[in-house]
Structure formats: C-alpha cells, structure tokens
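Engineer: This is entry38.cif, which holds mmCIF, C-alpha atoms:
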```cif
data_target
loop_
_atom_site.label_atom_id
_atom_site.label_comp_id
_atom_site.auth_asym_id
_atom_site.auth_seq_id
_atom_site.Cartn_x
_atom_site.Cartn_y
_atom_site.Cartn_z
CA MET A 1 -17.91 -8.61 11.13
CA LEU A 2 -14.68 -8.07 9.19
CA LYS A 3 -12.06 -5.52 10.26
CA ARG A 4 -10.29 -3.29 7.77
CA SER A 5 -8.01 -0.26 7.89
CA LEU A 6 -9.15 2.58 5.62
CA VAL A 7 -5.86 4.04 4.39
CA PHE A 8 -5.43 7.35 2.57
CA HIS A 9 -3.00 8.33 -0.19
CA ARG A 10 -2.51 11.11 -2.70
CA TRP A 11 -2.68 10.16 -6.37
CA GLY A 12 -0.98 12.12 -9.11
CA SER A 13 0.06 12.12 -12.75
CA VAL A 14 3.51 10.94 -13.77
CA HIS A 15 5.91 13.58 -15.07
CA GLY A 16 6.30 13.37 -18.83
CA LYS A 17 3.15 11.27 -19.29
CA PRO A 18 -0.42 12.34 -20.16
CA ASN A 19 -2.39 13.69 -17.20
CA PHE A 20 -4.17 10.96 -15.27
CA ASN A 21 -7.96 11.30 -15.16
CA PRO A 22 -9.72 8.57 -13.12
CA ARG A 23 -13.06 8.92 -14.89
CA ASP A 24 -11.53 8.70 -18.36
CA VAL A 25 -9.49 5.67 -17.33
CA ALA A 26 -12.54 3.96 -15.78
CA THR A 27 -14.63 4.59 -18.90
CA ASN A 28 -11.87 3.26 -21.13
CA LEU A 29 -11.54 0.13 -18.99
CA ILE A 30 -15.30 -0.52 -19.02
CA ASN A 31 -15.44 -0.26 -22.80
CA THR A 32 -12.38 -2.43 -23.36
CA VAL A 33 -13.51 -5.16 -20.96
CA ALA A 34 -16.96 -5.16 -22.58
CA ALA A 35 -15.28 -6.19 -25.83
CA ASP A 36 -12.86 -8.66 -24.19
CA SER A 37 -13.51 -9.84 -20.62
CA ASP A 38 -9.97 -11.24 -20.29
CA PHE A 39 -8.62 -7.71 -20.59
CA ALA A 40 -9.56 -7.23 -16.91
CA ILE A 41 -6.76 -9.65 -15.92
CA LEU A 42 -3.03 -8.89 -15.82
CA ASP A 43 -0.49 -11.67 -15.33
CA SER A 44 2.76 -9.83 -14.62
CA GLY A 45 4.74 -13.03 -14.11
CA ASP A 46 5.01 -12.93 -10.32
CA ALA A 47 1.38 -11.91 -9.67
CA VAL A 48 -2.05 -12.04 -11.27
CA THR A 49 -4.24 -8.95 -10.85
CA ALA A 50 -7.76 -8.04 -11.95
CA VAL A 51 -9.52 -4.68 -11.85
CA GLU A 52 -13.25 -4.01 -11.97
CA VAL A 53 -14.90 -0.58 -12.30
CA VAL A 54 -17.70 -0.07 -9.78
CA ASP A 55 -18.46 3.65 -10.31
CA VAL A 56 -17.03 5.97 -12.95
CA GLY A 57 -17.62 8.95 -10.66
CA THR A 58 -18.54 12.57 -11.31
CA GLY A 59 -16.97 15.97 -10.76
CA ASP A 60 -17.67 15.56 -7.03
CA SER A 61 -17.97 11.83 -6.35
CA PRO A 62 -15.11 9.30 -6.46
CA THR A 63 -14.19 6.80 -9.12
CA ASN A 64 -14.46 3.39 -7.47
CA PHE A 65 -12.59 0.20 -8.39
CA ARG A 66 -12.38 -3.29 -6.98
CA LEU A 67 -8.79 -4.52 -7.09
CA PHE A 68 -8.30 -8.29 -7.02
CA ALA A 69 -5.22 -10.33 -6.20
CA LEU A 70 -5.75 -13.63 -8.03
CA ARG A 71 -3.97 -16.93 -7.66
CA GLY A 72 -2.78 -18.42 -10.93
CA ALA A 73 -2.91 -22.09 -11.83
CA GLU A 74 0.43 -22.87 -10.14
CA ASP A 75 -0.37 -20.92 -6.99
CA ARG A 76 -3.83 -22.17 -6.09
CA PRO A 77 -4.66 -23.62 -2.66
CA PHE A 78 -5.77 -27.21 -2.25
CA LYS A 79 -8.21 -29.03 0.03
CA TRP A 80 -7.38 -31.21 3.03
CA ASP A 81 -9.67 -33.21 5.30
CA SER A 82 -9.20 -34.93 8.68
CA ALA A 83 -8.90 -38.32 7.00
CA GLY A 84 -5.65 -37.11 5.46
CA SER A 85 -7.01 -36.60 1.98
CA VAL A 86 -5.48 -33.88 -0.18
CA SER A 87 -7.15 -32.79 -3.41
CA PRO A 88 -7.38 -29.73 -5.66
CA ILE A 89 -10.14 -27.15 -5.29
CA SER A 90 -12.39 -27.45 -8.32
CA LEU A 91 -12.40 -24.28 -10.42
CA ARG A 92 -13.29 -23.63 -14.02
CA ASP A 93 -10.70 -22.18 -16.40
CA HIS A 94 -11.85 -18.58 -15.95
CA GLU A 95 -12.20 -18.78 -12.15
CA TYR A 96 -9.53 -17.80 -9.59
CA PRO A 97 -9.13 -17.75 -5.82
CA ALA A 98 -9.10 -14.04 -5.00
CA ASP A 99 -8.59 -11.35 -2.37
CA VAL A 100 -10.04 -7.89 -2.88
CA SER A 101 -9.39 -4.27 -1.98
CA HIS A 102 -11.89 -1.48 -2.62
CA VAL A 103 -10.28 1.68 -4.02
CA SER A 104 -11.78 5.19 -4.27
CA LEU A 105 -10.13 8.04 -6.22
CA TRP A 106 -11.56 11.52 -5.68
CA PRO A 107 -11.13 14.20 -8.38
CA ASN A 108 -8.95 16.38 -6.10
CA GLY A 109 -6.09 13.86 -5.99
CA ILE A 110 -7.01 11.96 -2.83
CA CYS A 111 -7.30 8.18 -2.82
CA ALA A 112 -8.25 5.61 -0.18
CA ASN A 113 -8.60 1.85 0.05
CA ASP A 114 -9.43 -0.80 2.63
CA SER A 115 -6.46 -2.82 3.79
CA GLU A 116 -5.62 -5.91 5.81
CA LYS A 117 -2.93 -8.55 5.56
CA ASN A 118 -4.34 -10.52 2.62
CA VAL A 119 -5.68 -7.79 0.34
CA PRO A 120 -3.73 -6.54 -2.71
CA ARG A 121 -1.61 -3.44 -2.28
CA ILE A 122 -2.51 -0.34 -4.23
CA SER A 123 0.70 -0.56 -6.28
CA ARG A 124 -1.02 -3.36 -8.20
CA LEU A 125 -3.57 -0.86 -9.51
CA SER A 126 -0.92 1.48 -10.90
CA LEU A 127 0.88 -1.48 -12.48
CA PHE A 128 -2.35 -2.77 -14.05
CA LEU A 129 -3.26 0.63 -15.51
CA ARG A 130 0.25 1.16 -16.82
CA ARG A 131 0.57 -2.23 -18.47
CA LYS A 132 -3.00 -2.60 -19.78
CA LEU A 133 -4.07 0.96 -20.62
CA ALA A 134 -0.79 2.91 -20.80
CA SER A 135 -2.24 5.16 -18.07
CA TYR A 136 0.32 6.35 -15.53
CA VAL A 137 -0.53 7.22 -11.93
CA THR A 138 1.46 7.50 -8.71
CA PHE A 139 0.16 6.76 -5.20
CA ASP A 140 1.95 8.50 -2.35
CA ALA A 141 1.39 7.59 1.29
CA LEU A 142 -0.18 10.21 3.57
CA TYR A 143 0.96 10.55 7.18
CA ARG A 144 -0.34 12.50 10.14
CA LYS A 145 1.18 15.96 10.41
CA ASP A 146 2.99 15.37 13.70
CA MET A 147 4.94 12.44 12.21
CA ILE A 148 7.30 14.83 10.39
CA ASP A 149 8.00 16.61 13.68
CA LYS A 150 8.88 13.30 15.35
CA LEU A 151 11.35 12.45 12.58
CA ASN A 152 12.80 15.96 12.53
CA ALA A 153 13.48 15.64 16.24
CA MET A 154 15.77 12.66 15.67
CA LYS A 155 17.40 13.76 12.41
CA GLY A 156 21.10 12.91 12.49
CA GLN A 157 20.62 10.84 15.65
CA MET A 158 18.86 7.74 14.35
CA ARG A 159 19.81 4.71 16.43
CA SER A 160 18.04 1.86 14.62
CA VAL A 161 15.41 0.85 12.11
CA GLU A 162 13.42 -2.37 11.92
CA VAL A 163 11.94 -3.18 8.51
CA ALA A 164 9.76 -5.96 7.15
CA MET A 165 9.09 -6.03 3.41
CA VAL A 166 7.20 -8.20 0.96
CA GLN A 167 7.78 -8.52 -2.76
CA GLN A 168 6.80 -5.42 -4.68
CA HIS A 169 4.31 -5.64 -7.55
CA GLY A 170 5.58 -2.96 -9.87
CA ASP A 171 8.12 -1.98 -12.48
CA ASN A 172 10.58 -0.30 -10.09
CA ALA A 173 11.10 -3.03 -7.53
CA ASN A 174 14.84 -2.43 -7.21
CA GLY A 175 14.71 1.30 -6.49
CA VAL A 176 15.36 1.00 -2.75
CA PHE A 177 17.97 -1.75 -2.83
CA GLY A 178 21.52 -0.56 -2.43
CA THR A 179 22.89 0.63 0.88
CA LEU A 180 20.33 -1.25 2.97
CA ILE A 181 19.92 -4.50 1.03
CA PRO A 182 22.12 -6.11 -1.65
CA GLU A 183 20.15 -5.97 -4.89
CA ASN A 184 20.68 -9.63 -5.80
CA PHE A 185 19.32 -10.71 -2.40
CA GLY A 186 16.28 -8.50 -2.83
CA ARG A 187 15.55 -10.10 -6.18
CA ARG A 188 15.57 -13.61 -4.72
CA ALA A 189 13.62 -13.14 -1.51
CA PRO A 190 9.80 -12.83 -1.53
CA SER A 191 9.97 -11.28 1.94
CA ILE A 192 12.73 -9.72 4.04
CA ARG A 193 12.92 -8.69 7.71
CA PHE A 194 15.98 -6.94 9.12
CA THR A 195 17.23 -4.55 11.79
CA LEU A 196 19.95 -1.94 11.36
CA GLY A 197 21.33 -0.18 14.39
CA MET A 198 23.96 0.47 17.00
CA GLY A 199 22.69 -2.27 19.31
CA ARG A 200 21.12 -1.95 22.73
CA TYR A 201 24.50 -1.85 24.47
CA GLY A 202 26.37 0.12 21.82
CA PRO A 203 27.86 3.56 22.54
CA ARG A 204 25.11 6.10 23.22
CA ASP A 205 26.70 8.70 20.95
CA ARG A 206 26.83 6.43 17.88
CA TYR A 207 24.17 6.82 15.18
CA LEU A 208 23.41 5.52 11.70
CA ASP A 209 25.37 7.41 9.04
CA SER A 210 23.65 10.00 6.87
CA GLU A 211 23.58 7.82 3.74
CA THR A 212 21.84 4.99 5.59
CA GLU A 213 19.42 7.47 7.13
CA GLU A 214 18.46 8.74 3.69
CA GLN A 215 17.93 5.17 2.49
CA VAL A 216 15.61 4.60 5.44
CA PHE A 217 13.51 7.60 4.40
CA ALA A 218 13.54 6.38 0.80
CA LEU A 219 12.04 3.11 2.00
CA ALA A 220 9.44 4.97 4.05
CA GLU A 221 8.48 6.96 0.96
CA GLN A 222 7.57 3.73 -0.83
CA ALA A 223 5.79 2.11 2.13
CA ASP A 224 2.62 1.74 0.06
CA ASP A 225 4.39 -0.66 -2.26
CA PHE A 226 5.99 -3.24 -0.07
CA VAL A 227 6.91 -2.14 3.47
CA SER A 228 4.75 -4.18 5.85
CA ASN A 229 6.38 -2.88 9.04
CA MET A 230 8.84 -0.11 9.86
CA ILE A 231 9.94 1.07 13.30
CA ILE A 232 12.47 3.90 13.63
CA ARG A 233 14.29 4.72 16.89
CA GLY A 234 16.38 7.79 17.49
CA ARG A 235 17.46 10.28 20.11
CA ASN A 236 15.21 13.32 20.43
CA HIS A 237 17.37 16.47 20.19
CA ALA A 238 15.20 18.37 22.67
CA SER A 239 14.58 15.74 25.34
CA GLY A 240 17.73 13.65 24.96
CA ARG A 241 15.63 10.49 25.18
CA VAL A 242 15.53 7.67 22.64
CA GLU A 243 12.06 7.69 21.09
CA THR A 244 10.22 5.37 18.70
CA VAL A 245 8.20 6.06 15.54
CA ASN A 246 6.13 3.18 14.15
CA LEU A 247 5.74 4.48 10.62
CA LEU A 248 2.70 2.46 9.61
CA HIS A 249 0.83 3.59 12.73
CA GLU A 250 1.42 7.19 11.60
CA ARG A 251 -0.50 6.70 8.35
CA LEU A 252 -3.62 8.80 7.74
CA GLN A 253 -6.13 6.02 8.38
CA ILE A 254 -9.03 4.82 10.49
CA GLN A 255 -10.18 1.38 11.59
CA ALA A 256 -13.58 0.07 10.53
CA GLU A 257 -15.73 -3.05 10.74
CA PHE A 258 -18.04 -4.34 8.02
CA ARG A 259 -20.75 -6.89 7.66
CA ASN A 260 -19.88 -9.96 5.65
CA SER A 261 -21.05 -9.96 2.07
CA ALA A 262 -24.28 -11.94 1.69
CA SER A 263 -22.84 -13.88 -1.25
CA VAL A 264 -19.21 -14.24 -0.08
CA PRO A 265 -18.92 -14.47 3.74
CA SER A 266 -15.13 -13.94 3.75
CA MET A 267 -15.49 -10.62 1.89
CA PRO A 268 -16.82 -7.37 3.40
CA ASP A 269 -20.01 -5.96 1.92
CA PRO A 270 -18.73 -3.80 -1.00
CA GLY A 271 -21.42 -1.14 -0.64
CA GLU A 272 -20.56 -0.66 3.03
CA VAL A 273 -16.86 -0.33 2.28
CA PHE A 274 -17.27 2.30 -0.43
CA SER A 275 -19.72 4.22 1.78
CA ALA A 276 -17.24 4.10 4.68
CA LEU A 277 -14.38 5.29 2.46
CA ASP A 278 -16.44 8.28 1.35
CA SER A 279 -17.55 9.08 4.91
CA ALA A 280 -13.97 8.93 6.18
CA TYR A 281 -12.83 11.18 3.32
CA LYS A 282 -15.48 13.79 4.16
CA GLU A 283 -14.62 13.63 7.87
CA PHE A 284 -10.92 14.11 7.20
CA GLN A 285 -11.74 17.02 4.88
CA ARG A 286 -13.88 18.72 7.54
CA ASP A 287 -11.24 18.20 10.22
CA GLY A 288 -8.45 19.54 8.03
CA LYS A 289 -6.49 16.28 8.36
CA ILE A 290 -6.12 15.79 4.61
CA ALA A 291 -4.94 19.36 4.08
CA SER A 292 -2.31 19.00 6.83
CA ALA A 293 -1.20 15.44 5.98
CA VAL A 294 2.43 14.83 5.05
CA GLN A 295 3.20 12.94 1.85
CA GLY A 296 5.73 10.13 1.94
CA GLN A 297 7.92 11.82 -0.67
CA GLN A 298 8.44 14.80 1.64
CA MET A 299 10.29 12.76 4.24
CA GLN A 300 13.63 12.80 2.45
CA SER A 301 13.61 16.62 2.30
CA LYS A 302 12.36 17.18 5.84
CA GLY A 303 13.93 19.71 8.17
#
```
What is this structure when it is put down as structure tokens?

Structural biologist:
Amino acid sequence: MLKRSLVFHRWGSVHGKPNFNPRDVATNLINTVAADSDFAILDSGDAVTAVEVVDVGTGDSPTNFRLFALRGAEDRPFKWDSAGSVSPISLRDHEYPADVSHVSLWPNGICANDSEKNVPRISRLSLFLRRKLASYVTFDALYRKDMIDKLNAMKGQMRSVEVAMVQQHGDNANGVFGTLIPENFGRRAPSIRFTLGMGRYGPRDRYLDSETEEQVFALAEQADDFVSNMIIRGRNHASGRVETVNLLHERLQIQAEFRNSASVPSMPDPGEVFSALDSAYKEFQRDGKIASAVQGQQMQSKG
C-alpha cells in the first residue's frame, strides 16, 4: 500500500486573462497532443514536466489530469550493484524516469491532488498550461477554518517562524524574496531552511516586526508552490501563552492509502486515486468544510 495526502485548493482565472475552463483546456490539450506527442512535455530549463488528460469532465464531474515530474538526460539516476559497478539505466530517447501526481479540477473552482515528498507540485500544472497553451490558472491553498483564528490570536506577537523551501517551478519564483531572504541567495539555492525569531532566551516582550510578519504570511500564501514546512510561534493574546501553528498540518486534506498499480508497483493505482479524490471532495462538501475553508491569500488581510 502507498500513502498519499489528498490536498485541496481553489482554482481560479487570472485577472486580465481569458477565463479558465478546465474542460476546454483538457480538450485543447488532447487534440494538440494527438497531432504532436512531444507537445505533452515542457522543459522549462530547471525542470521537465508532462501532462496527460485522463477525463475531460462534465458539468458535474471533475476534469482529471496526471501531472508528471520527469528527469531530463542530465538528471537521470544510475544503477549500482554490490560488486561496486555503476552504470546508466537504459532508456530510449522518448522515455523518462518520472513521478506522478493525480489532479482533479471540479467546475465550481475546487481542485485536489495526491501529494507526498517525491510527487510534482501543482504549480507545475499552471506553468505547463501557461507556457504550452497560453491558459492561465491560479491555485490557492485551502486551510481549515480555525487556522485563521489561531493566527489572529498571535497577530502582532509573533515570536518565530521556521521555514523550509524547495525551488519553485513557475514564472514568479522571486516574489517572496526580500525581507526574509536575499534575492540573489534564493536564486542560487535549490532548497533553503531557516529560522527567524527572538530566540528561546530572548526578552518575552520582543516580537518580529510588522514587515517581517507580513512577509511570513506572504510565504504562507504561496505554500503550494515551494514551502515544504512552516511552523509559526507566537503569544496568544487571550491566554498569554506561546502557541504553535504548523501551517502544512492546517491544510484542508486527508490521508489515504492505495494499492500499488499492477503495471508500476511504485505508483498508486490511478483509478483508486481519482475515486478517492472525488469521494473526499463530496465528503468535504457535505460537511461544509470546503465552504468554510480559508484561502491562503486571505492570510495577509486577516483580522
């Protein structure tokens, strides 16, 4: 069995661009790839991505994609054996080592995908559609409703933030660099881990300044893209205690296990994943969790 997190987002059109319609985009991609199979692959320079349409969808059912992170010729793994032999893995020109995420977009603006440490992030899908089809879509993280209350309770009294980030696959990779991270360092490093704070033994009435606090929330807003861990600590105004919010644990998500694919044991069965995404969506709709979820972009204007 393979474990995955089923993570929910809200998708939307980009201001000033044509309205995004998942079914139209999926149909366009199918037709274009039918004429040229290489069109399904995007080499953006620092990453190679492929997208496959599984279901175009209807007025009620989701549009389903498989999103692949591919390894290019200079980034492919090699073989090793106990005799100390190292050799390349044999692949034909059109074959790539790959990791996959299954992505469902419902007509009402909700999106979900399966996630674990090796699968491609959903920002790769927006980049692919933008570069290959000139179709613009945004994906905004959804958080449980009580998360905003936890952050409101420590507004102005944030003690520290721990952040781990990986390289963003997108066109706006430098948007969050500034107060928190020097831009030139962010460009060079494929991954960054840092802690900002007053220190365990620092004065109890010292807190991060307001500009830094806003930068922290700006990072949280873009957690889908490249934040792999984010823990915020601050003093609760009501209780006076220092409390902790692990942002990624506050995502609107559930954990699931899947059978291995019959043809590829290291990949979950695709049919099971798409079925589980749809079941989770319907459950969250019934429970009102989607309607009450907080979007990442709301965090900077909280309170």

Engineer: Convert the output of the PyMOL selection byres ((chain A and resi 25-36) around 8) on the shown file into explicit residues, formatted as a list in words.

Structural biologist: Phe20, Asn21, Pro22, Arg23, Asp24, Ser37, Asp38, Phe39, Ala40, Val53, Val56, Thr63, Leu133 and Ser135 of chain A

Engineer: Hey, can you check how far atom CA of Ala98 of chain A sits from atom CA of Glu74 of chain A?

Structural biologist: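 Here the two named atoms are 14.0 Å from each other.
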
Engineer: Specify as an MDAnalysis selection string each residue included when the PyMOL selection byres ((chain A and resi 118) around 12) is applied to this file.

Structural biologist: chainID A and resid 3:4 68:70 98:101 114:117 119:121 166 228 266:267

Engineer: May I ask for the distance between atom CA of Phe284 of chain A and atom CA of Arg144 of chain A, given in Å to one decimal place?

Structural biologist: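 Distance between the two atoms: 11.1 Å.
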
Engineer: Using all atoms listed in the file, determine which residues lie at most 12 Å from Leu277 of chain A, disregarding the query and same-chain residues fewer than 5 positions distant; provide the list as a PyMOL selection string.

Structural biologist: chain A and resi 4-8+61-64+101-106+110-115+253-258+270-272+282-284

Engineer: Which distance in Å separates atom CA of Asn108 of chain A and atom CA of Asp60 of chain A, to one decimal?

Structural biologist: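 Interatomic distance here is 8.8 Å.
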
Engineer: For the structure provided, state which residues fall under the PyMOL selection byres ((chain A and resi 293) around 10), and present them as a list of chain:residue names.

Structural biologist: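 Selected by the PyMOL selection byres ((chain A and resi 293) around 10) here: A:Phe8, A:His9, A:Arg10, A:Ala141, A:Leu142, A:Tyr143, A:Arg144, A:Lys145, A:Asp146, A:Met147, A:Ile148, A:Arg251, A:Leu252, A:Phe284, A:Gly288, A:Lys289, A:Ile290, A:Ala291, A:Ser292, A:Val294, A:Gln295, A:Gly296.
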
Engineer: May I have the residues within 8 Å of Val51 of chain A as a PyMOL selection string, using all atoms listed in the file and disregarding those fewer than 3 positions away in the same chain?

Structural biologist: chain A and resi 40-41+65-68+125+128

Engineer: Using only C-alpha atoms for the distances, tell me which of A:Lys155, A:His249, A:Lys79, A:Lys17 is nearest to Tyr136 of chain A.

Structural biologist: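 With only C-alpha atoms as the atom set, the closest residue is A:Lys17.
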
Engineer: Name the closest residue to Pro18 of chain A among the candidates A:Ala134, A:Arg159, A:Tyr96, A:Ala276; distances are taken between atoms, counting only C-alpha atoms.

Structural biologist: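 Among A:Ala134, A:Arg159, A:Tyr96, A:Ala276, it is A:Ala134 that comes nearest to Pro18 of chain A.
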
Engineer: In file coordinates, which residues lie within 10 Å of (3.2, -17.5, -5.6) using all atoms listed in the file, given as a list in words?

Structural biologist: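 Returned residue set, sorted by chain then number, is Gly45, Asp46, Ala47, Val48, Arg71, Gly72, Ala73, Glu74, Asp75, Arg76 and Pro190 of chain A.
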
Engineer: Within 8 Å of (-6.9, -30.9, -3.4) (coordinates as in the file), grab all the protein and nucleic acid residues, counting only C-alpha atoms, and write them out as a PDB file with C-alpha atoms, in the coordinates of the input.

Structural biologist:
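selection-v4.pdb, freshly written:
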```pdb
ATOM      1  CA  PRO A  77      -4.660 -23.620  -2.660  1.00  0.00           C
ATOM      2  CA  PHE A  78      -5.770 -27.210  -2.250  1.00  0.00           C
ATOM      3  CA  LYS A  79      -8.210 -29.030   0.030  1.00  0.00           C
ATOM      4  CA  TRP A  80      -7.380 -31.210   3.030  1.00  0.00           C
ATOM      5  CA  SER A  85      -7.010 -36.600   1.980  1.00  0.00           C
ATOM      6  CA  VAL A  86      -5.480 -33.880  -0.180  1.00  0.00           C
ATOM      7  CA  SER A  87      -7.150 -32.790  -3.410  1.00  0.00           C
ATOM      8  CA  PRO A  88      -7.380 -29.730  -5.660  1.00  0.00           C
ATOM      9  CA  ILE A  89     -10.140 -27.150  -5.290  1.00  0.00           C
TER      10      ILE A  89
END
```

Engineer: Compile the contact shell of Glu213 of chain A as JSON, numbers by chain: residues with an atom at most 8 Å away, counting all atoms listed in the file, same-chain residues fewer than 4 positions apart removed.

Structural biologist: {"A": [156, 158, 208, 209, 217]}

Engineer: Can you work out which one of A:Lys150, A:Arg131, A:Arg286, A:His94 has the shortest atom-to-atom distance to Val245 of chain A, counting only C-alpha atoms?

Structural biologist: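 The closest residue to Val245 of chain A is A:Lys150.
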
Engineer: Have a look at A:Asn246, A:Gly57, A:Val161, A:Ile231 and name the one nearest to Thr212 of chain A; count all atoms listed in the file.

Structural biologist: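 The shortest atom-to-atom distance to Thr212 of chain A comes from A:Val161.
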